Structures are given as C-alpha cells and as structure tokens.
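Undergrad: I'd like to ask you about the structure that follows.
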Amino acid sequence: MLIDHPLLGPRDAQEFVVLGDAGLIDRPDRQAGDAARRFHEYLHLRNNPAGEHRELWFHEQGDRSWLVVTRDTLTHEILRVELARDVAVARGRDR
Amino acid sequence: MNGPFRLDGGLIDRARALAFRFDGRPLTGHPGDTLASALLANGVRLVGRSFKYHRPRGIFTAGSEEPNALVELRSGALREPNTRATVAELFDGLEASSQNHRGSLRRDLLAVNDLIAPFLSAGFYYKTFMWPKSFWERVYEPAIRASAGLGRLSGEADPDCYDKGFLHCDLLVIGAGPAGLAAALAAGRSGARVILADEDFVMGGRLNAETHEVNGRSGADWCAEAVGELASMDRVRLLLRTTVTGAWDHGIYGALERRTDHLAGSGGKPRQILWRIYSKRAVLAAGATERPIAFGGNDRPGIMLAGAVRAYANRFAVGAGRHVGLFTNNDDGWRTAADLARKGVPVAAVIDARDQEPVAEVPGARIVMGGRVTATRGRHGLRGVTLATGERLALDCLAVSGGWSPNVHLTCHHGGRPVWRDGIAAFVPGDGLPGGMSVAGAAGGSFTTAAALAEGHGAAVEALDGLGLSAAAGEPPGASDESVEVSPFWHVAESRGRAWLDLQNDVTVKDVVQAHSEGFRSVEHLKRYTTLGMATDQGKTANVAALAIMAGQTGNSIAETGTTMFRPPYTPVPVAAFAGRSRGREFRPTRLTPSHDWAEARGAVFVEAGLWLRAQWFPRPGETRWRQSVDREVQQTRGSVGICDVTTLGKIDIQGRDAGEFLNRIYANGFATLAVGKVRYGLMLREDGIAYDDGTTARLGENHFVMTTTTVNAVLVFRNMEFARQCLWPGLDVHLISVTEQWAQFAVAGPNSRALLRKVVDPEHDISNEAFPFMACGEVGVCGGTPARLFRISFSGELAYEIAVPARYGEALMEALMAAGGEFGAVAYGTEALGVMRIEKGHAAANELNGQTTARMLGMQRMVSKKKDCIGNILSERPEMNREGGLEMMGFRPVDRSEPLAAGAHFLAPGREAVTENDEGWMTSVAWSPELGHSIGLGFIRNGHARIGETVRAWDGVRGRDVAVEIVSAHFLDPDGERLRG
Amino acid sequence: MAEVALTARTPLDGYAGTFGGVTLVEAAGLSLVSAAVPNGGGDAFAAALAEGFGASRPSTGESVPGDRLGARILGMQPDQMFILFEAPDPDRAAEAVSSALGPAAYVTDQSDSWAMLRIEGRGVRAALERICMLDLDDAAFPQGRVARTVMEHLAVIILRDGADSFLLMTPRSSARSFLHAVELSLANVSE
C-alpha cells in the first residue's frame, strides 16, 4: 500500500503504524456527567464499514505525523489523507 | 555434437557445446537451449512420472505453464526439486534428474498406482482414509507421506544467498512479446521511466517462436533490434528472467528475478532477487497460454501443445518428432504443420475437429477434417493414435491445440473476474483490474501480431497521457493479421481410456464428471474436490477445458459457469526469495549497549531483550553456574557497589511551555508540581485504565523534562505521546524527541555508590546527601568536564544513582567507573542481578505489567489522581477494577525455605482442588535471594494485604510442583526505604 | 576525582570501505541538534534561523544550507528541524544552537543518537535500491532532499548531499547491523 502523505507524497505503508478508527480523536470530556459511559463508547464501540473508513495512521518511520487516512475497505483505494492535527483542530480540540 | 533431433536455424549458439547430464546420462546442448529443448534435441522424451498414478510423462509445453516436465536440478545442498525443464536454461555441467519414481524412471515400481486407478479417483482421500480413526496418524499418514510429493528436498540449508530490492517507474510493462515491446518502445521513446520485465531469458515472447514478420523483417530480428534500442535508453530498465508474480495495492508489483539460475554457480552473489516495483501505470502484456484437447491417453510423452512444437522448431531448432501429427480446433494450430514442413520435419497427419475445408495444404500429410483422436499407444512415448473412424496412424509426436487462453492472472489479483468471450472461446480480463493496469495483446484476447503491436503501443500512449507525460511515440510497428479462427472443442466424447485435464495433479475428465454427480457444482468446489488446478502450475493449461466439461454437465454455458480466481504468485516463488537476507543472525538487527564491547571482553553472557543484547551476568574464573555469578553480583552490590548498563531504557526529551501539564495527562500521577532538579516515579495507564508502563521523569528546567520508559515500551510510549500531542491536545505547546540513543546511562548502586561517584563527578558538584538527596537530578561534569546527567534513583533499593553521558563516552565512563570502584571491589552486574534486586525490593516489571493489571493491583491506586484529567483515569474507576478483595501484588516465600519457587504457579487454598474456580492468583516473578538465603516470589493473589501470614499452595501443573508458600509483603528488604535515602 | 578524561568513541570506529567505485565511510566531526518550533512561534523561529545560521526554514523533507559552521538545516517534522553542523565544541553542540536560536526553539542534542555514513560514487543508487524503498531518482529525490525511512528494519535518515552522494544516519546502537546491511548491498551489486 501507498499512503499519499500530505507533506511528503506517496510513501510505502511499511513506514506507518495503523491505530484504527479516527474517532479516537474525539476523546470525551471527563467533566461530562456521563463520562464513564462516553469513555466506554469512545474506547470500545466501533463501526466496521464496508466502504469508506477513516483511520489513524502514524508515520513512525517518517516525519512522525499522525494522519487521518480515508480508505475504502472494499477496494483499498485511499480517498483522502490529512494531517490528524489539522483534523483535530477542526473538530475543536485544543488544550 | 548436434543431437539427433536438431534442426537448422533457431536462436541457439552452435559454436559452443554445453555438456549436461540427465539421470546420469551425458548429453550436450547449446547456449540458447532450455533443458527441455536440449533433451528433445537428444531424443529424450520420457522425463518424469506423474504425481498420483506415476504415469510416464514427457515435455508438454515450451514455457512456464509446464505441468509435466518437472525435474530436480543440481545436487547436494543445491538440489532443487520440481523445476520446470521448459524454463531451466542450459549451462555447462548442469545435472538434472527425473523425479517421482521408485526404481528407475522407466521401471517405476509405484506405477502400480496406475493399475488401481479406478480406486484413486476424485475424493479418494476423503472417502478412503476415514476409518478406523486409530489408523489416521499411525498408518495412513506415514504411508501417504511416503508416496506423496514429487521431487525431494535436499534436507540441507540452502547455500545460496538471496536479496530483495525496490524499483520505481512510470510504466511497468509485464511481458516482452510484441505487445510489451511495442509498449516499452512507445513509452521509452517518450522519455518515461519504464521497466520491462519478462520471465524468459530472451525478450520477444512468441515472436521468437513463430515465423511472423514485423515491419517487414523476421520477428526475432525485429525483437533483437527493439531490445537493443530499449537497452540504450537510460530511463528504461530491462529485467530479463524476471517474473512479475503479483499485483498489490496502489501500483505495487512483486517480481522475482533469477540472477544466477542459468549459471553453474552463483559466485557468492544473490541467486534471486525479489523486487517490489512501484509503478504509476502498468501494461499487462503477458500473452496467452495454449490449451490442450482432452482425449483418451492424451498424456503420453510425445503429445505436446502445438505452439510448443512450433517454438521448439523455430526458436530452439529442435524437431519434436519424426512423424508428427496435429490435432487442432483452430487455424493457429495449422501453423505448426506449415512451420515444421518448412523446417523439413515430416508432418504425417493433420486432424482438425472442425468439419470444414482444410485451412492449408500440407504436403505429404493425411488431412482429416471433423476428425477425433480417441486413443493413443506407446508405453514410454507415443507410437501412434487411433481416430474415431478406427483409423490408426503411426506418430511419435502429436501436436495438440485447443485454442489459446489469455494470461489474465494478474488482472484477477484485486478481485477482477474474467469474462467469457465466445469469438475466441476464451476468458478475457473482466472488470476490477488493479488500479493503473491496462491489458494489451494476447493477454486481452487480441491474438494477432498486428493487434498485439498496436494495442501495446496504444496502451503505453494512453498511460503516459494519464500521467500527464507527452507521448512522442510515433506509429506502432506493423505486422499482418494472421487468422486465429477457432471453434470450441474440449473433449473427445468417444475417447477410449482416461482423458487427462490436469496433467500435474492427474485429474481426468471422469473425475470432473464424478465430482458433478456427487454434487460439487460450483467451480470452486470442483477445484478443491478434484484438486484440479491446485498444483504448482495452477492449472494454466488445464482449467478452461475442465470448466467447459463442468458446464457441459450442468447444462450451463461456460460464461455462466465462470472460472476460479487466480491468486499470486503467477509462478512459484521460492520461500528463500521471500526470506531474502533475513536468515540466521541477519533475521533481524541487533542493538548494542555502549558498554557492549567492554562486557564482551570480560566474558559477559548476553540475553536478547527485544533487539537489544544485554549483559545477563559476568562470570568470573571458577564460577561454573550462573547462580554463582548472579549471587556474587547481588551481594557485592548490596554490600559495596555495583554498576549496570541501563542505556536500553527508553528516554524521551520533553520540552515546551505546557510540558508539565502534558505529563500530568500522560501519567496517572501528577507531574506539573515536580520541582526543577527533581525526579518522580510515574505510572502510565491505557485509556481503559490498565497500567501499561512506568518509569521516572526528571525535570531539568521549567519547560524541560526527560522521561524514562521501560525498554520494551520505549517505542509505544513515544507513539502514544505523539498521538496525545497531535490528536488530543494540539493546543498544548509540547515537543518530543527520543534520546534513548543519545545518552549512555549506568546505574551505580550500593552503599559505596556515592563514594565511588565522588571520584568521577567533578568536584565543583556537591553530591552529598544534603545537596543531592534521594530523587534529585542535575547536570554535572565528569572526569574533568565531560557533560553528564546525574539522577539519584534506585531500582535496587540501595543508595543508588544513574549517571548518563553522551553515548560516545559511554564505554569510557564504564571503564572509569570500574577503575574508580576498584578500591570498593565494585562489580559490573547484569540483568539477572538487576532482576533479583528488584524482586527483593518488590518493584513491578514486565511480568507484573502484563496488560491485565490495574494500579490497584499494583498497590498504586492512590497514585491515580482523581483531580486531574489523565489518560485512563475515568475508566480506571470502573467498579470491577476497584472491587474489594481483588487481586493484589504480594510477596511469597516457601514455608520450607529450601524449596525453590516457579513463576507461573497458581495459588490455591490448602486442600482445594486445582481447578479454575479455586484459582486465587498466580506467581509472576521469582528469584533466589542471596540476602535472605531462600527463594522469593512476587505474584497477584486475591485480597492479599489482608492475608499476610496465611499459607497457600503455589501449584504448578506444568512442572508438576506444589509448594506451600506464605503470603508476605512484596518488600522483602528495607521496607521503609532507609537504604536508598541514606 | 578521576585522573583521565573520557575518550570518545564513534559508533563505527571510523569505518571506511571501498566497493568498486563506491566509497562508504563513517562521517565524523558533525554535530546534530534538533530544534523544535514552539507552537505559534514559526515567525520567530524563521527569524532566529536566519539570524543564527543564515538559513531559511526548510519544509518537511527538504534541507537548506546555512552560511556558517557548515550548517545544513533538515526539515524532519512539521515542527522540528535537525541542524547538522560543525560545532566548535562537540560537547556543547546543543548550547551552541541554543545560543544561536535563543528562545525561538527547543533544542536537543542528537549527535550521539545517530551514526553517520556517507556513501558516494557511481552506482550508489544500485546498492541502495536493495534496502531503500524510497525513489532516489533525480526528479523524485534531488540534491538537498532528506527523508526519514526504514531500511532492513532500522530507522534511517537519508540526505542526498551530492549527485552521487548520500548521508545515511541510523540509530547508534544498531549501527553495526546497518553498516553490515549497506556493505552487503554494495557487495551484492559489485561486479
């Protein structure tokens, strides 16, 4: 597999480590009243789509960027690659 | 020197003779020969025995699709079984032998299988070896294993070496026949980066085997010129003897290059190279494979594919027989008769299954239109055939053509399904091709030379367009459109005797019919039940006819019946090529500590810790057992001072305005309040609340920390912290970089450690207990100004320090420490002594942090802050993880102090049965404590702290031991920590 | 205190080898210091880099030369550069960068983290293609390009510092394994 790194261009998937669902960016607020339930869902409940899937990949043997890779699980086609930091900021994560 | 069947012409070098042996018999051939062509030139037709029935078999094809002519090449450790004689390039001194016979090739004792063939049909194994069950392992398996398989492995280590590599191109062209050469020329002339790969040792594909003309010249001459032009282009790479074996994601292809298989020896260079080719576009120009017609006794040596007979005559200058017959269902087959006649080989008969006018005149040949071959004769080689009319013809070679099947294999590797095309009676590539791939020429079902050249050219131009490269390719080469008319004809219904489909797995028409009658209707079931197409040739010549017969049984069309899928590899790839260099010590790299050479020179015994080699203990003269060395190292450290290389611990430099806050969230316990110049122990949780790593972190400045992790988790902790930094809290100003390799770090432990360090640390640094107390850290100079970091931390429980210097000074510091420690009798200690001391002290390590343990189990629940956000604290509050009476880490000592303990033992109440319901926990770590003079252990046991003093059983079913142990505190010595604060 | 000052040892003990037309030598005398860009401090960092090293800030995967101390700035990560230079005092390399860049960067000495090998000569790419999955073609990897990647399971930073010259940096502890891998590649492709 090749991942088209937004800064570096196509790089072999061997340089990367995959973590899983990009939903792991959306870590719940511990102050929320039902934090335990939210954390449980955040950590354990996953969709397993046949088709478009957003995944976190770490360019460990590269520039150490975490990426959000949108991949079709049926064809392995990679539709979009973004810096996870940009995605996180866009989703309101800050400090 | 010429063999008796050698003809004129061809692409062989008659000026040189190559001596070789087959089954010990000395023979000669020429450069340009394959083993198969050289055998045929010498009149050798019987080359092996079939897999199941041990039928005599000969050479069937002239290429990599060969199902029959499998031989053993070379001898001794270099012996390689199941090699296709049709692709084995002849070299001087080649030794080959036939395989799969007991006794001689001509008098194979296992040929008896052929007599009992009626009992060995499809599903034989499944039906026969069922009862009695007790026979499975003791009788059936040994018997089957003894008779199974084809060639023999040498049983010795492969003395050759192998390599891998990575190539990049704009356009990968797979196959160097007319389509591939035209594609490569078009792309190469346009300046694109091109890789042209072909499995053969001469480029040109069928152009070398046929008498077609290109641009008004002989096909072979045109090929040679085209290859010369391509070789002169520095952006074009020609890979001869290279099979593209698989299509992977995103334009990546696997290819096996055979570098030295055609030489007598490898000369120490890699024999084969497995390439990973990154392509932007690919043109599949893999050509087509001819297929046979099934008829009675169609497996005898001398019965060959018509195109192969042509290839032997035109390219290799070998006549496959002296009384050659042709049995065809298509016009292309007639070319065999024409080419042989031109070469002076007598053609005795042409039998065309089609009831039509003859395609051509063949002087001297008996022409039978609408003819059928029903039977053959000849024990070790063909002597004649019988037609449906009853007519008998004397033939020593029968060239058979059932039409051609495009080599669609690589188009299927991403799930593409071939589709049936009636006009050529063949499967052609369907949808779902690997991205970036296009197909040209015969591989796409365009069988004429003109079409192949035009399509190859066109595919390259289109690919370059897609890449935004301007094509400057000119016009495609020209050739005539020869006739390739074909009428489907698969099987002679009037056959007498078995009609073979899959020659390598000995599958007959009858097997397919039987499978259908037993209910195996899907082609995938048919394949697995009969083993059709499951041999090393993957049924390249067999599958289509079998599908047609299956379709005939079900009454469906072939299109409706469909085909089985092709998977990588296209042709077999040796496991050694997949291994590449990764053999023996080179299986993986080795990491060495800064003091490695020093330790090695002192006879240290090393242990693998991940990729690291660490000194396990340092034997001294007279010490014959490891325990003697380890006990001494522990006693001397606790009694005076010891030194241990702890560089392998992960070290991460953490800087930024928010570094303290960041660490607060990474560790379960607080770090924001840590004072500059201090170190704190920290525990890391996973988000699910399970403990996963621990270590110490020092604050070197307001915005500067240095963290240590366990050796095994160094990479994981770094990865997780980068995740937290980039994905969870991108607004925090914090920056990470590994400094594991930067600093050589040594533990200096024992009551004399400070005295020793005073001799090494430069005098301007006050390291007294008052100025540099327990958990202090700071930057110091050593040995006259070398920068160093000093940490007062202790894993051993003694007064102890860790001292770090830039790695280039690591070995020198080890020597300096040992020299300075001379007056104290300082010892170097290894990981065993380190482990003994941490168990005595009750420190958790990897055995305790096994991915199942909570902070509470480790007795650290008070460290998990409730006041701040940190990874894992919410889910660590789950009730089950905080249940009273849960597992707690405790110490254990044998009631009978002379008893040894064993890690892995489970705790049971006295008198309780050893069953899961009675399990109360398990022993995680054990050691023999020189300090206490008996074995000690750490482990988890239910409600441990409330049960101190209680006796339980440490039951070890694996080792068959059952020891009474007393529950004690995990801190076996100095529970109040007086030593380390002293 | 100890009588003798500590002697430094390079990861590969000054290795030098020749394979046909390719030379492989341990690059000595270079210091390597990482400089991380504080959040929101990009402008200050660029100014400090220009002031301290006479260099512009490279994008990730690029390197740019400075005008003093033989410095070259390598863009390793979006917010992290490596500064490869000849430190006046190798024991104070981080301090040298720190004083050059001031508070505009967080610096960490990496000089001892990486063994450095320079591989040079015609045919160098034929050897590297046995272990390096990156495309080292002139167009894809021109002079000045830098990348962190993996070769034979080991992390490697590869910098193209000449038409036929590459600087390879690999973790110190496994440097001998890496050297062996490169030597073997050279041996495998030599005539």
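By order in the structure tokens, chains are A, B, ...; within a chain, residues start at 1; ligands start at 1, following the order shown.
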Would you give me, as a ChimeraX atom specification, the residues of chain A that come within 9 Å of chain B, using only C-alpha atoms?

TA: /A:1-3,24-27,30-31,35-36,39-40,43,58,60,64-66,75-78,84-89,93-95

Undergrad: Could you list, as a PyMOL selection string, every residue within 9 Å of Ala181 of chain C, counting only C-alpha atoms and ignoring same-chain residues fewer than 5 positions away?

TA: (chain B and resi 586) or (chain C and resi 131+151-152+176+186)

Undergrad: Please return as a PyMOL selection string: the residues of segment 756-882 of chain B that backbone DSSP assigns to alpha helix (DSSP H).

TA: chain B and resi 756-758+810-820+831-841

Undergrad: Save the residues we just selected, N, CA and C atoms, as an mmCIF file, in the first residue's frame?

TA:
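Generated output (part_21.cif):
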```
data_model
loop_
_atom_site.group_PDB
_atom_site.id
_atom_site.type_symbol
_atom_site.label_atom_id
_atom_site.label_comp_id
_atom_site.auth_asym_id
_atom_site.auth_seq_id
_atom_site.Cartn_x
_atom_site.Cartn_y
_atom_site.Cartn_z
ATOM 1 N N LEU B 756 32.035 6.194 45.330
ATOM 2 C CA LEU B 756 32.601 5.934 44.006
ATOM 3 C C LEU B 756 32.396 7.150 43.105
ATOM 4 N N LEU B 757 31.161 7.664 43.100
ATOM 5 C CA LEU B 757 30.870 8.770 42.187
ATOM 6 C C LEU B 757 31.658 10.028 42.538
ATOM 7 N N ARG B 758 31.962 10.163 43.802
ATOM 8 C CA ARG B 758 32.770 11.340 44.187
ATOM 9 C C ARG B 758 34.108 11.356 43.469
ATOM 10 N N GLY B 810 30.294 6.542 26.515
ATOM 11 C CA GLY B 810 29.722 5.504 27.373
ATOM 12 C C GLY B 810 30.722 4.444 27.791
ATOM 13 N N GLU B 811 31.445 3.930 26.822
ATOM 14 C CA GLU B 811 32.391 2.870 27.149
ATOM 15 C C GLU B 811 33.479 3.399 28.091
ATOM 16 N N ALA B 812 33.944 4.630 27.801
ATOM 17 C CA ALA B 812 34.992 5.217 28.644
ATOM 18 C C ALA B 812 34.476 5.444 30.061
ATOM 19 N N LEU B 813 33.210 5.835 30.187
ATOM 20 C CA LEU B 813 32.664 6.042 31.530
ATOM 21 C C LEU B 813 32.573 4.712 32.275
ATOM 22 N N MET B 814 32.178 3.652 31.565
ATOM 23 C CA MET B 814 32.112 2.341 32.222
ATOM 24 C C MET B 814 33.490 1.982 32.782
ATOM 25 N N GLU B 815 34.512 2.201 31.984
ATOM 26 C CA GLU B 815 35.872 1.897 32.442
ATOM 27 C C GLU B 815 36.263 2.791 33.615
ATOM 28 N N ALA B 816 35.881 4.062 33.522
ATOM 29 C CA ALA B 816 36.230 4.997 34.602
ATOM 30 C C ALA B 816 35.524 4.615 35.897
ATOM 31 N N LEU B 817 34.278 4.224 35.789
ATOM 32 C CA LEU B 817 33.529 3.837 36.992
ATOM 33 C C LEU B 817 34.146 2.592 37.621
ATOM 34 N N MET B 818 34.492 1.618 36.780
ATOM 35 C CA MET B 818 35.073 0.393 37.324
ATOM 36 C C MET B 818 36.441 0.680 37.936
ATOM 37 N N ALA B 819 37.190 1.562 37.277
ATOM 38 C CA ALA B 819 38.502 1.901 37.829
ATOM 39 C C ALA B 819 38.348 2.610 39.168
ATOM 40 N N ALA B 820 37.416 3.569 39.201
ATOM 41 C CA ALA B 820 37.201 4.310 40.449
ATOM 42 C C ALA B 820 36.660 3.391 41.533
ATOM 43 N N THR B 831 21.535 -8.217 33.869
ATOM 44 C CA THR B 831 20.077 -8.138 34.012
ATOM 45 C C THR B 831 19.541 -9.133 35.036
ATOM 46 N N GLU B 832 20.247 -10.251 35.241
ATOM 47 C CA GLU B 832 19.761 -11.216 36.239
ATOM 48 C C GLU B 832 19.842 -10.618 37.637
ATOM 49 N N ALA B 833 21.000 -10.050 37.962
ATOM 50 C CA ALA B 833 21.149 -9.444 39.285
ATOM 51 C C ALA B 833 20.185 -8.272 39.442
ATOM 52 N N LEU B 834 20.024 -7.519 38.348
ATOM 53 C CA LEU B 834 19.055 -6.420 38.353
ATOM 54 C C LEU B 834 17.674 -6.950 38.732
ATOM 55 N N GLY B 835 17.310 -8.093 38.126
ATOM 56 C CA GLY B 835 16.000 -8.689 38.391
ATOM 57 C C GLY B 835 15.880 -9.197 39.822
ATOM 58 N N VAL B 836 16.929 -9.828 40.310
ATOM 59 C CA VAL B 836 16.889 -10.339 41.688
ATOM 60 C C VAL B 836 16.657 -9.184 42.653
ATOM 61 N N MET B 837 17.379 -8.098 42.432
ATOM 62 C CA MET B 837 17.298 -6.980 43.384
ATOM 63 C C MET B 837 15.943 -6.280 43.314
ATOM 64 N N ARG B 838 15.359 -6.218 42.124
ATOM 65 C CA ARG B 838 14.059 -5.535 42.053
ATOM 66 C C ARG B 838 12.973 -6.439 42.657
ATOM 67 N N ILE B 839 13.149 -7.756 42.571
ATOM 68 C CA ILE B 839 12.159 -8.640 43.200
ATOM 69 C C ILE B 839 12.302 -8.550 44.720
ATOM 70 N N GLU B 840 13.540 -8.532 45.190
ATOM 71 C CA GLU B 840 13.747 -8.380 46.633
ATOM 72 C C GLU B 840 13.103 -7.086 47.131
ATOM 73 N N LYS B 841 13.148 -6.068 46.267
ATOM 74 C CA LYS B 841 12.627 -4.761 46.665
ATOM 75 C C LYS B 841 11.120 -4.642 46.394
#
```

Undergrad: Set the cut-off to 7 Å and count only C-alpha atoms: what are the residues of chain C that reach chain A? Output as a list in words.

TA: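 Written out as asked, the residues are Thr60, Gly61, Met76, Gln77, Ala147, Arg148, Thr149, Val150 and Ala155 of chain C.
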
Undergrad: At a cut-off of 7 Å, can you tabulate as a tab-separated table every residue of chain B near chain C together with its closest atom pair and the distance in Å to one decimal, using only C-alpha atoms and ordering rows by chain then number?

TA:
```
residue	atom	partner	partner_atom	distance
B:Lys164	CA	C:Arg130	CA	5.7
B:Gly165	CA	C:Arg130	CA	3.9
B:Phe166	CA	C:Met133	CA	5.3
B:Leu167	CA	C:Glu129	CA	6.8
B:His168	CA	C:Asp135	CA	6.2
B:Lys269	CA	C:Asn188	CA	5.6
B:Pro270	CA	C:Asn188	CA	6.5
B:Pro589	CA	C:Ser177	CA	5.4
B:Thr590	CA	C:Ser174	CA	5.7
B:Arg591	CA	C:Ser174	CA	4.4
B:Leu592	CA	C:Ser173	CA	4.9
B:Thr593	CA	C:Ser173	CA	6.2
B:Gln655	CA	C:Tyr106	CA	6.5
B:Gly656	CA	C:Pro38	CA	6.9
B:Asp733	CA	C:Asn39	CA	5.4
B:His735	CA	C:Ala36	CA	6.6
B:Val739	CA	C:Ser113	CA	6.7
B:Glu741	CA	C:Ser113	CA	4.5
B:Gln742	CA	C:Ser113	CA	4.2
B:Arg758	CA	C:Met1	CA	6.6
B:Lys759	CA	C:Met1	CA	3.9
B:Val760	CA	C:Met1	CA	5.1
B:Val761	CA	C:Met1	CA	6.8
B:Asp762	CA	C:Met1	CA	6.5
B:Cys783	CA	C:Ala5	CA	5.0
B:Gly784	CA	C:Ala5	CA	5.9
B:Pro787	CA	C:Asp91	CA	6.9
B:Pro806	CA	C:Asp112	CA	6.2
B:Ala807	CA	C:Asp112	CA	5.6
B:Arg808	CA	C:Ala8	CA	4.9
B:Tyr809	CA	C:Ala8	CA	4.8
B:Ala812	CA	C:Leu6	CA	5.4
B:Leu813	CA	C:Leu6	CA	6.5
```

Undergrad: So which bits of segment 24-185 of chain C end up strand (DSSP E or B) when you DSSP the backbone, as JSON, numbers by chain?

TA: {"C": [24, 25, 26, 31, 32, 33, 34, 35, 36, 62, 63, 64, 65, 72, 73, 74, 75, 76, 77, 80, 81, 82, 83, 84, 85, 106, 107, 108, 109, 114, 115, 116, 117, 118, 119, 120, 145, 146, 147, 148, 149, 150, 151, 154, 155, 156, 157, 158, 159, 160, 161, 162, 165, 166, 167, 168, 169, 170, 171]}

Undergrad: Do you have the atom CA of Leu24 of chain C-atom CA of Gly162 of chain C distance handy?

TA: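 Atom-to-atom, atom CA of Leu24 of chain C to atom CA of Gly162 of chain C, that is 14.1 Å.
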
Undergrad: Can you pull out every residue within 8 Å of segment 115-126 of chain B, counting only C-alpha atoms, but drop anything in the same chain fewer than 2 positions away, and send it as an mmCIF file with C-alpha atoms, in the first residue's frame?

TA:
```cif
data_model
loop_
_atom_site.group_PDB
_atom_site.id
_atom_site.type_symbol
_atom_site.label_atom_id
_atom_site.label_comp_id
_atom_site.auth_asym_id
_atom_site.auth_seq_id
_atom_site.Cartn_x
_atom_site.Cartn_y
_atom_site.Cartn_z
ATOM 1 C CA TYR B 53 -0.589 -42.600 -10.971
ATOM 2 C CA ALA B 111 3.369 -47.336 -11.478
ATOM 3 C CA VAL B 112 1.203 -49.951 -9.781
ATOM 4 C CA ASN B 113 -0.939 -46.963 -8.753
ATOM 5 C CA THR B 128 -10.886 -43.931 1.921
ATOM 6 C CA PHE B 129 -8.831 -42.821 4.876
ATOM 7 C CA MET B 130 -11.749 -42.271 7.231
ATOM 8 C CA VAL B 507 -7.172 -35.077 -12.897
ATOM 9 C CA ASP B 511 -13.054 -37.012 -12.191
ATOM 10 C CA VAL B 512 -14.840 -33.819 -13.193
ATOM 11 C CA GLN B 514 -17.870 -37.688 -10.988
ATOM 12 C CA ALA B 515 -17.450 -34.534 -8.888
ATOM 13 C CA TYR B 529 -12.641 -31.752 -4.603
ATOM 14 C CA THR B 530 -10.710 -32.913 -7.646
#
```

Undergrad: Quick one: distance from atom CA of Arg102 of chain B to atom CA of Arg74 of chain B in Å, one decimal?

TA: 19.5 Å

Undergrad: Calculate how many Å separate atom CA of Phe824 of chain B from atom CA of Phe618 of chain B, rounding to one decimal.

TA: 17.6 Å
